[in-house]
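First up is the structure itself, then whatever we jot down about it.
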Amino acid sequence: MSIELEHVSFTYSKGTPYEKEVLHDISLTIEKGEFVAIIGHTGSGKSTLIQHLNGLLHPTKGKALLDGTDLSGKTKEARAARGKVGMVFQYPEHQLFAETVYEDVAFGPRNLGLTEDEVEQRVREALQFVGLDYDALAQRSPFNLSGGQMRRVAIAGVVSMKPDYLILDEPSAGLDPGARRDVFREILSLYKKQGIGIIMVTHSMEDALQFANRLLVVYDGRIIMDGKPAALFRERRKELQDVGLDIPEIYKLKDALRAKGLAIPETVTDTASLLKEIRKRKGLK
Amino acid sequence: MLGDITLGQYYPGNSFVHCLDPRTKILVTLLLIVAIFLAQSVPAYVALWVMVFFVIAISKLPFLLVFKSVKPLLFIILLTLAMHVFVGQGETVLYQWKFIRITQEGIAMGIKMSMRLMLLLMISSVLTFTTSPIVLTDGIESLLRPFRCIGVPAHELAMMMTIALRFIPTLLEETDRIIKAQTSRGADFQSGNILQKAKNMLPILIPLFISAFRRADDLAVAMEARCYRGGEGRTRMHQLAYRGGDAAAFVFGIAMIVFLVLLRWGPLAAKL
Amino acid sequence: METKQQAPFIDIKDLSHIYTDTENNEVLALDKVNLAIRPGEFVAVIGTNGSGKSTLARHLNALLLPSEGTVKIQGMDTLDETKLWEIRQNVGMVFQNPDNQIVAAVVEEDVAFGPENIGVPPDEIRQRVEDALKAVGMTEYRTRAPHLLSGGQKQRVAIAGTLALGSNCIVLDEPTAMLDPQGRKEIVGTVRKLNKEKHITVVYITHNMVEAIHADRVVVMKKGRILFQGTPQEVFSRVEELEELGLEAPLAAKVAFELRKTGMKLPQGIITNEDLAQALA
């Protein structure tokens with residue numbers, strides 16, 4: 001099971017004076033069960049890239065395939081393949097439309113042509129997955145919920161499609177730290193329990209380090225780095241900073257400590273082991 | 001992509017016409033439209049075509065671009081032509097079969113009427129090609145100002161147009177995103193009868209309306225915070241000012257009218 | 001401390017704000033808030049959603065009026081209607097959504113919007129717009145369409161709009177919440193520069209601690225009240241209380257806090273990585 005991009009290039013507004021190639025010859029394979037973080041500046045082409053992964057945009061050159069099926073096709077198989085890749089856009093709560101939470105989350109499953117019993121089952125599961133109480137919320141208007149809850153309803157609306165892959169474009173944008181933590185907890189449990197592939201666009205290096213097992217760095221329409229987050233931060237920190245991207249705070253702290261002669265091993269990437277290491281160095285338990 | 005739609009049809013440039021005051025361009029366009037309606041005789045139409053070509057030339061617009069502006073109304077122009085040609089009035093009958101009656105006068109009238117429409121479209125599109133929507137708004141506001149005393153809300157109209165110009169691209173982007181989001185949830189906007197199709201649009205329209213209201217709300221607060229309190233006592237950074245070129249343009253517009261009046265009613269009129 | 005004796009620029013006394021929500025309940029959004037801000041001070045207000053920080057912001061230029069108590073801007077009471085426009089000229093506002101506060105379809109026209117509203121003569125508007133765009137580093141974008149700018153650039157245009165209005169105090173209500181890291185840096189940098197070089201009084205509302213690190217004073221709010229306040233060093237050292245509120249202290253402060261807990265002796269006020277490295281060296 002995998003999504004494959006083969007030599008994908010994409011040009012916006014082809015044939016007009018505004019024509020611009022925003023992706024250049026990208027080849028990429030994402031397996032089901034991976035948690036991929038995509039990082040890049042605004043305008044680097046990462047939004048365009050993710051829209052190729054579920055057939056919302058079609059490559060100008062090259063191919064986007066899901067298990068061998070061309071995602072840009074017009075066949076029934078192509079449509080089904082696109083349905084296997086769920087997409088949560090930035091600020092997904094701005095796409096809520098139904099009168100009740102139930103109706104909104106049921107929109108996707110109904111479009112799949114499921115029976116009403118199956119739809120209800122899907123809605124229950126999806127709300128549970130994003131940590132919302134079905135009995136308390138299903139019949140309420142989504143527009144009277146808090147920002148964090150609205151976001152989770154919107155995510156549930158995609159989860160209820162039971163995708164094999166879930167793409168999330170900055171799922172925590174605009175939320176306060178508490179709501180952020182909630183949203184990430186749901187995403188992580190979805191990943192662990194359902195074993196689906198997660199592809200998450202983020203601006204936060206901490207999130208990439210903490211959650212992802214693969215990191216793609218997009219710069220100027222190309223993937224310039226692809227690897228394990230910790231390894232990339234360890235070995236190619238300088239390059240990241242050269243293209244104006246941040247590194248996680250813990251690496252900055254370690255750099256500051258090293259500058260004062262307190263070298264912390266490269267294997268330390270979280271606060272708990274950092275504390276342990278400092279205590280050891282200072283002769284404390 | 002919805003984002004490809006360019007707003008208005010402004011064709012940036014630095015020509016004599018581009019640099020005219022927007023009020024001049026609006027008023028002279030009106031004068032030329034009056035001139036077009038005055039035309040009766042063949043020489044008058046020749047004069048008008050020469051005038052339009054002259055205006056396009058000094059605007060430094062591609063001729064083809066201006067001709068294309070006729071396209072959206074091509075059907076109506078052809079219909080006008082057909083109506084006059086096939087159900088013509090007049091004495092000189094060339095052909096008659098049942099209700100179809102082709103006359104020399106009818107053909108002449110058909111050509112005149114469709115030419116009139118084409119000339120109107122072309123001359124007014126020169127205005128929109130050479131004037132950015134923002135400047136055009138300023139011009140309209142300034143021209144309507146004297147009518148405030150009879151209740152024409154000149155400032156409010158202009159402010160509404162400005163805000164529309166500012167937010168249309170933003171809302172187009174938003175629409176694009178909502179369509180994509182609902183598409184990836186399996187939404188279908190194509191199939192079904194008209195009623196079904198209309199219903200299928202709700203998942204796009206409702207979020208779009210909600211967002212537009214939210215934006216309007218935010219914008220109202222932001223405007224209030226920046227001391228907005230209507231048109232009263234407001235000044236403008238860009239003051240419109242007539243220059244030498246504007247006088248020339250007015251002279252040109254009035255000359256066209258005088259010329260066409262002479263062609264129609266003047267001493268030569270009888271001979272044409 | 002000579003500055004302490006200066007008359008406050010913003011003087012809030014026992015400010016309460018009550019509103020009725022969509023379900024007709026009365027909500028106490030601000031509960032007897034007292035706060036005085038000196039001219040030229042950089043105050044960060046932090047708190048989670050619903051802490052009342054945005055409501056507080058809107059009281060500072062009379063977009064909202066007190067249910068109880070008073071808000072005075074340079075001695076002018078926001079309840080005094082005759083002073084309304086003077087207050088709004090003095091206190092500029094920058095809001096969260098960069099798209100929803102730009103009025104005009106050209107950058108310089110938008111910056112001119114404020115001064116146009118208060119009837120400044122055209123030549124002076126041109127001068128103000130030029131100065132304001134220069135101060136935020138947006139001069140080269142003056143004739144661009146706002147929707148083609150990045151989020152950070154849009155917010156800088158919004159800041160320029162307040163400067164052109166003649167504001168000597170800017171209230172920013174979560175200005176970076178919708179921006180990428182690059183945009184954040186632009187805004188934080190611009191605001192610091194205006195505060196340092198032009199002595200603009202800044203009230204910076206955020207839930208991002210890192211952005212508050214350079215403030216003169218940090219005010220922490222919860223449920224309509226000021227919970228505690230102090231220098232960033234004082235506030236960020238209260239790691240446990242911040243986390244209880246759902247806020248995140250900077251990593252260095254957290255590490256220092258944990259180390260102290262297990263008996264390590266460290267000086268107070270460690271909030272940056274460099275502070276911590278220095279203390280451990």
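Following the order of the structure tokens, chains are lettered A, B, ..., residues in each are numbered from 1, and ligands are numbered from 1.
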
Should the cut-off be 7 Å, what would the residue list for chain B against chain A look like, counting only C-alpha atoms, as a tab-separated table (two decimals) with C-alpha atoms, in the first residue's frame?
chain	number	residue	atom	x	y	z
B	4	ASP	CA	-7.21	32.66	-12.56
B	178	ILE	CA	-14.17	25.02	0.22
B	180	LYS	CA	-11.77	21.24	-2.74
B	181	ALA	CA	-12.51	20.36	0.87
B	184	SER	CA	-12.38	15.39	-0.96
B	185	ARG	CA	-15.34	14.35	1.22
B	186	GLY	CA	-16.93	12.86	-1.86
B	187	ALA	CA	-19.25	15.76	-2.70
B	203	PRO	CA	-22.07	22.60	1.40
B	206	ILE	CA	-23.26	27.95	3.55
B	207	PRO	CA	-19.58	28.04	4.62

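Those residues of chain C that fall within 6 Å of chain A when using only C-alpha atoms read Ala177, Met178, Gly246, Leu247, Asn273, Glu274, Ala277 and Ala281 of chain C.
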
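The interface of chain C with chain B at 7 Å, considering only C-alpha atoms, consists of Leu63, Trp85, Arg88, Met93, Asn100, Gln101, Val103, Ala104, Ala105, Ala112, Gly114, Glu116, Asn117, Ile118, Gly119, Val120, Pro121, Pro122, Ile125, Arg126 and His147 of chain C.
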
Selection above as a file: N, CA and C atoms, as a PDB file, in the first residue's frame:
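Output below, filename selection-v4.pdb:
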ATOM      1  N   LEU C  63     -13.691  50.514  21.425  1.00  0.00           N
ATOM      2  CA  LEU C  63     -14.547  49.657  20.601  1.00  0.00           C
ATOM      3  C   LEU C  63     -15.572  48.990  21.507  1.00  0.00           C
ATOM      4  N   TRP C  85     -12.842  60.074  18.946  1.00  0.00           N
ATOM      5  CA  TRP C  85     -11.949  60.015  17.776  1.00  0.00           C
ATOM      6  C   TRP C  85     -10.511  60.283  18.167  1.00  0.00           C
ATOM      7  N   ARG C  88      -9.202  57.050  19.518  1.00  0.00           N
ATOM      8  CA  ARG C  88      -8.914  56.068  18.460  1.00  0.00           C
ATOM      9  C   ARG C  88      -7.702  56.450  17.614  1.00  0.00           C
ATOM     10  N   MET C  93      -5.178  49.754  16.513  1.00  0.00           N
ATOM     11  CA  MET C  93      -5.434  48.335  16.772  1.00  0.00           C
ATOM     12  C   MET C  93      -4.988  47.495  15.590  1.00  0.00           C
ATOM     13  N   ASN C 100      -8.838  40.333   7.105  1.00  0.00           N
ATOM     14  CA  ASN C 100     -10.102  41.006   7.399  1.00  0.00           C
ATOM     15  C   ASN C 100      -9.952  42.415   7.949  1.00  0.00           C
ATOM     16  N   GLN C 101      -8.759  43.006   7.848  1.00  0.00           N
ATOM     17  CA  GLN C 101      -8.631  44.369   8.357  1.00  0.00           C
ATOM     18  C   GLN C 101      -8.024  45.307   7.328  1.00  0.00           C
ATOM     19  N   VAL C 103      -8.656  47.392   4.078  1.00  0.00           N
ATOM     20  CA  VAL C 103      -9.864  47.915   3.459  1.00  0.00           C
ATOM     21  C   VAL C 103      -9.698  48.119   1.965  1.00  0.00           C
ATOM     22  N   ALA C 104      -8.534  48.653   1.575  1.00  0.00           N
ATOM     23  CA  ALA C 104      -8.378  49.082   0.184  1.00  0.00           C
ATOM     24  C   ALA C 104      -7.683  48.008  -0.644  1.00  0.00           C
ATOM     25  N   ALA C 105      -7.789  48.138  -1.956  1.00  0.00           N
ATOM     26  CA  ALA C 105      -7.235  47.140  -2.861  1.00  0.00           C
ATOM     27  C   ALA C 105      -5.798  47.465  -3.282  1.00  0.00           C
ATOM     28  N   ALA C 112      -3.448  54.861   3.902  1.00  0.00           N
ATOM     29  CA  ALA C 112      -4.017  56.211   3.916  1.00  0.00           C
ATOM     30  C   ALA C 112      -5.427  56.247   4.503  1.00  0.00           C
ATOM     31  N   GLY C 114      -6.873  55.535   7.392  1.00  0.00           N
ATOM     32  CA  GLY C 114      -7.050  56.186   8.699  1.00  0.00           C
ATOM     33  C   GLY C 114      -6.966  57.694   8.604  1.00  0.00           C
ATOM     34  N   GLU C 116      -7.234  59.611   6.115  1.00  0.00           N
ATOM     35  CA  GLU C 116      -8.332  60.141   5.282  1.00  0.00           C
ATOM     36  C   GLU C 116      -9.592  60.312   6.117  1.00  0.00           C
ATOM     37  N   ASN C 117      -9.828  59.328   7.006  1.00  0.00           N
ATOM     38  CA  ASN C 117     -11.034  59.373   7.823  1.00  0.00           C
ATOM     39  C   ASN C 117     -11.076  60.586   8.740  1.00  0.00           C
ATOM     40  N   ILE C 118      -9.895  61.004   9.233  1.00  0.00           N
ATOM     41  CA  ILE C 118      -9.904  62.122  10.174  1.00  0.00           C
ATOM     42  C   ILE C 118      -9.634  63.441   9.464  1.00  0.00           C
ATOM     43  N   GLY C 119      -9.640  63.415   8.134  1.00  0.00           N
ATOM     44  CA  GLY C 119      -9.579  64.674   7.387  1.00  0.00           C
ATOM     45  C   GLY C 119      -8.224  65.335   7.321  1.00  0.00           C
ATOM     46  N   VAL C 120      -7.158  64.536   7.288  1.00  0.00           N
ATOM     47  CA  VAL C 120      -5.814  65.102   7.140  1.00  0.00           C
ATOM     48  C   VAL C 120      -5.654  65.603   5.701  1.00  0.00           C
ATOM     49  N   PRO C 121      -5.000  66.762   5.497  1.00  0.00           N
ATOM     50  CA  PRO C 121      -4.818  67.271   4.127  1.00  0.00           C
ATOM     51  C   PRO C 121      -3.993  66.298   3.272  1.00  0.00           C
ATOM     52  N   PRO C 122      -4.300  66.198   1.964  1.00  0.00           N
ATOM     53  CA  PRO C 122      -3.674  65.212   1.073  1.00  0.00           C
ATOM     54  C   PRO C 122      -2.147  65.157   1.136  1.00  0.00           C
ATOM     55  N   ILE C 125      -1.102  63.476   4.226  1.00  0.00           N
ATOM     56  CA  ILE C 125      -1.383  62.035   4.178  1.00  0.00           C
ATOM     57  C   ILE C 125      -0.254  61.334   3.433  1.00  0.00           C
ATOM     58  N   ARG C 126       0.124  61.893   2.287  1.00  0.00           N
ATOM     59  CA  ARG C 126       1.177  61.270   1.487  1.00  0.00           C
ATOM     60  C   ARG C 126       2.451  61.107   2.320  1.00  0.00           C
ATOM     61  N   HIS C 147      -3.971  41.221  -1.433  1.00  0.00           N
ATOM     62  CA  HIS C 147      -4.189  39.777  -1.393  1.00  0.00           C
ATOM     63  C   HIS C 147      -3.007  38.997  -1.952  1.00  0.00           C
TER      64      HIS C 147
END

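The nearest approach to Thr206 (chain C) among the residues C:Leu251, C:Met264, C:Leu148, C:Val188, with only C-alpha atoms taken into account, belongs to C:Val188.
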
*Kindly indicate which residue among A:Ile187, A:Ala136, A:Ala106, A:Leu5 lies nearest to Gly62 (chain A), using only C-alpha atoms for the distances.*
A:Leu5

*Which residues, written as a ChimeraX atom specification, have at least one atom at most 8 Å from Thr128 (chain B), with only C-alpha atoms counted and residues fewer than 3 positions away on the same chain left out?*
/B:8-10,124-125,131-133

Just-selected residues, N, CA and C atoms written as a tab-separated table (two decimals), in the first residue's frame:
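What landed in again.tsv:
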chain	number	residue	atom	x	y	z
B	8	GLY	N	-11.96	42.61	-13.30
B	8	GLY	CA	-12.14	43.68	-14.27
B	8	GLY	C	-11.35	43.30	-15.50
B	9	GLN	N	-11.02	44.26	-16.34
B	9	GLN	CA	-10.22	43.90	-17.50
B	9	GLN	C	-9.17	44.96	-17.75
B	10	TYR	N	-8.65	45.49	-16.66
B	10	TYR	CA	-7.65	46.54	-16.76
B	10	TYR	C	-6.42	46.02	-17.50
B	124	SER	N	-16.67	51.63	-24.84
B	124	SER	CA	-16.73	51.55	-23.38
B	124	SER	C	-15.69	50.58	-22.84
B	125	SER	N	-15.28	49.57	-23.64
B	125	SER	CA	-14.24	48.71	-23.11
B	125	SER	C	-12.88	49.39	-23.14
B	131	THR	N	-8.43	51.97	-17.45
B	131	THR	CA	-8.64	52.55	-16.12
B	131	THR	C	-8.75	51.42	-15.11
B	132	SER	N	-7.90	51.40	-14.08
B	132	SER	CA	-8.01	50.33	-13.08
B	132	SER	C	-9.31	50.53	-12.32
B	133	PRO	N	-9.91	49.43	-11.85
B	133	PRO	CA	-11.20	49.54	-11.16
B	133	PRO	C	-11.16	50.52	-9.99

*Counting only C-alpha atoms, what is within 6 Å of region 75-86 of chain B, bar same-chain residues fewer than 6 positions away, as a PyMOL selection string?*
chain B and resi 100-102+106-107+110+114

For those residues, write C-alpha atoms to a file as a PDB file, in the first residue's frame.
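Saved result, result_24.pdb, follows:
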ATOM      1  CA  ILE B 100     -39.669  36.742 -44.415  1.00  0.00           C
ATOM      2  CA  ARG B 101     -39.209  40.047 -46.187  1.00  0.00           C
ATOM      3  CA  ILE B 102     -35.817  41.260 -47.140  1.00  0.00           C
ATOM      4  CA  GLY B 106     -33.872  46.592 -43.679  1.00  0.00           C
ATOM      5  CA  ILE B 107     -30.350  45.498 -44.574  1.00  0.00           C
ATOM      6  CA  GLY B 110     -29.508  45.990 -39.601  1.00  0.00           C
ATOM      7  CA  SER B 114     -25.308  46.083 -35.139  1.00  0.00           C
TER       8      SER B 114
END

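The coordinates place CA of Leu73 (chain B) at 23.1 Å from CA of Ala47 (chain B).
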
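For the atom pair formed by CA of Ala138 (chain A) and CA of Ile210 (chain B), the distance is 20.8 Å, given to one decimal.
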
_DSSP on the backbone: which residues in region 8-159 of chain A end up as strand (DSSP E)? Give the answer as a PyMOL selection string._
chain A and resi 8-12+20-31+35-39+61-66+69-70+85-88

Any chance you can output those residues with C-alpha atoms as a short mmCIF file (atom, residue, chain, number, x, y, z; two decimals), in the first residue's frame?
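Saved as out01.cif:
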data_model
loop_
_atom_site.label_atom_id
_atom_site.label_comp_id
_atom_site.auth_asym_id
_atom_site.auth_seq_id
_atom_site.Cartn_x
_atom_site.Cartn_y
_atom_site.Cartn_z
CA VAL A 8 5.64 15.20 -10.84
CA SER A 9 5.84 18.79 -12.03
CA PHE A 10 3.03 21.27 -11.68
CA THR A 11 2.47 24.60 -13.39
CA TYR A 12 -0.17 27.06 -12.23
CA LYS A 20 4.47 29.53 -12.93
CA GLU A 21 6.00 26.13 -12.27
CA VAL A 22 5.66 25.49 -8.54
CA LEU A 23 6.71 21.83 -8.33
CA HIS A 24 9.77 20.55 -10.16
CA ASP A 25 10.16 16.84 -10.93
CA ILE A 26 9.15 15.39 -7.56
CA SER A 27 9.37 11.64 -6.98
CA LEU A 28 8.13 10.32 -3.68
CA THR A 29 6.66 7.17 -2.13
CA ILE A 30 4.60 7.28 1.05
CA GLU A 31 3.67 3.95 2.63
CA PHE A 35 3.68 9.48 9.88
CA VAL A 36 5.17 12.05 7.55
CA ALA A 37 5.71 15.68 8.46
CA ILE A 38 6.11 18.16 5.61
CA ILE A 39 7.90 21.39 6.38
CA LYS A 61 4.00 16.35 -15.97
CA GLY A 62 4.49 12.96 -14.31
CA LYS A 63 2.04 10.78 -12.42
CA ALA A 64 0.38 10.52 -9.01
CA LEU A 65 -0.60 6.94 -8.17
CA LEU A 66 -2.31 5.15 -5.32
CA THR A 69 -4.19 3.65 -9.85
CA ASP A 70 -3.73 7.05 -11.45
CA VAL A 85 -6.96 9.75 0.90
CA GLY A 86 -8.67 12.14 3.31
CA MET A 87 -7.73 15.79 3.37
CA VAL A 88 -8.07 18.16 6.31
#

*Find the residues around Cys19 (chain B) up to 12 Å (only C-alpha atoms counted), leave out those fewer than 2 positions away in its own chain, and share them as a ChimeraX atom specification.*
/B:12-17,21-25,58-60,127,130-132,135,240-246,249

May I have the selected residues written with N, CA and C atoms, as a JSON list (two decimals), in the first residue's frame?
[["chain", "number", "residue", "atom", "x", "y", "z"],
["B", 12, "PRO", "N", -2.79, 47.21, -18.02],
["B", 12, "PRO", "CA", -1.89, 48.27, -17.56],
["B", 12, "PRO", "C", -1.11, 48.89, -18.71],
["B", 13, "GLY", "N", -0.87, 50.16, -18.61],
["B", 13, "GLY", "CA", -0.11, 50.84, -19.65],
["B", 13, "GLY", "C", 0.16, 52.28, -19.25],
["B", 14, "ASN", "N", 0.85, 52.99, -20.12],
["B", 14, "ASN", "CA", 1.26, 54.35, -19.81],
["B", 14, "ASN", "C", 0.86, 55.34, -20.89],
["B", 15, "SER", "N", -0.12, 54.94, -21.70],
["B", 15, "SER", "CA", -0.47, 55.76, -22.86],
["B", 15, "SER", "C", -1.16, 57.06, -22.43],
["B", 16, "PHE", "N", -1.37, 57.93, -23.41],
["B", 16, "PHE", "CA", -2.08, 59.18, -23.19],
["B", 16, "PHE", "C", -3.43, 58.91, -22.53],
["B", 17, "VAL", "N", -4.15, 57.91, -23.04],
["B", 17, "VAL", "CA", -5.48, 57.62, -22.50],
["B", 17, "VAL", "C", -5.38, 57.06, -21.08],
["B", 21, "ASP", "N", -7.43, 61.75, -16.49],
["B", 21, "ASP", "CA", -8.22, 61.71, -15.26],
["B", 21, "ASP", "C", -9.43, 60.78, -15.49],
["B", 22, "PRO", "N", -9.76, 59.92, -14.50],
["B", 22, "PRO", "CA", -10.86, 58.98, -14.73],
["B", 22, "PRO", "C", -12.18, 59.70, -15.03],
["B", 23, "ARG", "N", -12.39, 60.87, -14.42],
["B", 23, "ARG", "CA", -13.63, 61.61, -14.68],
["B", 23, "ARG", "C", -13.70, 62.00, -16.13],
["B", 24, "THR", "N", -12.55, 62.45, -16.68],
["B", 24, "THR", "CA", -12.51, 62.82, -18.09],
["B", 24, "THR", "C", -12.90, 61.62, -18.94],
["B", 25, "LYS", "N", -12.31, 60.46, -18.60],
["B", 25, "LYS", "CA", -12.55, 59.28, -19.42],
["B", 25, "LYS", "C", -14.02, 58.88, -19.36],
["B", 58, "ILE", "N", -4.22, 55.37, -29.85],
["B", 58, "ILE", "CA", -3.51, 56.21, -28.87],
["B", 58, "ILE", "C", -3.56, 55.60, -27.47],
["B", 59, "SER", "N", -4.44, 54.61, -27.24],
["B", 59, "SER", "CA", -4.45, 53.92, -25.95],
["B", 59, "SER", "C", -3.36, 52.85, -25.90],
["B", 60, "LYS", "N", -2.76, 52.58, -27.07],
["B", 60, "LYS", "CA", -1.74, 51.53, -27.20],
["B", 60, "LYS", "C", -2.25, 50.19, -26.71],
["B", 127, "LEU", "N", -12.50, 52.29, -22.09],
["B", 127, "LEU", "CA", -12.53, 52.91, -20.76],
["B", 127, "LEU", "C", -12.07, 51.93, -19.70],
["B", 130, "THR", "N", -8.34, 50.84, -19.92],
["B", 130, "THR", "CA", -7.30, 51.81, -19.61],
["B", 130, "THR", "C", -7.41, 52.39, -18.20],
["B", 131, "THR", "N", -8.43, 51.97, -17.45],
["B", 131, "THR", "CA", -8.64, 52.55, -16.12],
["B", 131, "THR", "C", -8.75, 51.42, -15.11],
["B", 132, "SER", "N", -7.90, 51.40, -14.08],
["B", 132, "SER", "CA", -8.01, 50.33, -13.08],
["B", 132, "SER", "C", -9.31, 50.53, -12.32],
["B", 135, "VAL", "N", -9.27, 53.27, -9.63],
["B", 135, "VAL", "CA", -9.29, 54.65, -10.12],
["B", 135, "VAL", "C", -10.68, 54.98, -10.67],
["B", 240, "LEU", "N", -7.92, 63.94, -7.45],
["B", 240, "LEU", "CA", -8.03, 63.91, -8.90],
["B", 240, "LEU", "C", -7.78, 65.33, -9.41],
["B", 241, "ALA", "N", -7.06, 65.44, -10.51],
["B", 241, "ALA", "CA", -6.79, 66.77, -11.04],
["B", 241, "ALA", "C", -6.81, 66.74, -12.56],
["B", 242, "TYR", "N", -7.52, 67.68, -13.14],
["B", 242, "TYR", "CA", -7.55, 67.78, -14.61],
["B", 242, "TYR", "C", -6.26, 68.41, -15.08],
["B", 243, "ARG", "N", -5.75, 67.91, -16.19],
["B", 243, "ARG", "CA", -4.54, 68.49, -16.77],
["B", 243, "ARG", "C", -4.80, 68.85, -18.23],
["B", 244, "GLY", "N", -3.75, 69.27, -18.92],
["B", 244, "GLY", "CA", -3.87, 69.67, -20.33],
["B", 244, "GLY", "C", -4.50, 68.58, -21.19],
["B", 245, "GLY", "N", -4.04, 67.36, -20.98],
["B", 245, "GLY", "CA", -4.55, 66.22, -21.76],
["B", 245, "GLY", "C", -6.05, 66.05, -21.64],
["B", 246, "ASP", "N", -6.54, 66.34, -20.44],
["B", 246, "ASP", "CA", -7.98, 66.18, -20.20],
["B", 246, "ASP", "C", -8.76, 67.17, -21.04],
["B", 249, "ALA", "N", -8.96, 65.93, -24.46],
["B", 249, "ALA", "CA", -9.92, 64.83, -24.59],
["B", 249, "ALA", "C", -11.35, 65.36, -24.66]]

*Pull the alpha helix (DSSP H) assignments for region 191-263 of chain B out of DSSP run on the backbone, and list those residues as a PyMOL selection string.*
chain B and resi 194-200+202-225+244-263

_So that I can check the surroundings of Met225 (chain A), please list as a count of residues only every protein, DNA and RNA residue that reaches within 12 Å of it, counting only C-alpha atoms and ignoring chain neighbours fewer than 3 positions away._
23

*What is the distance, in Å and to one decimal place, between CA of Gly183 (chain C) and CA of Gln153 (chain C)?*
7.4 Å
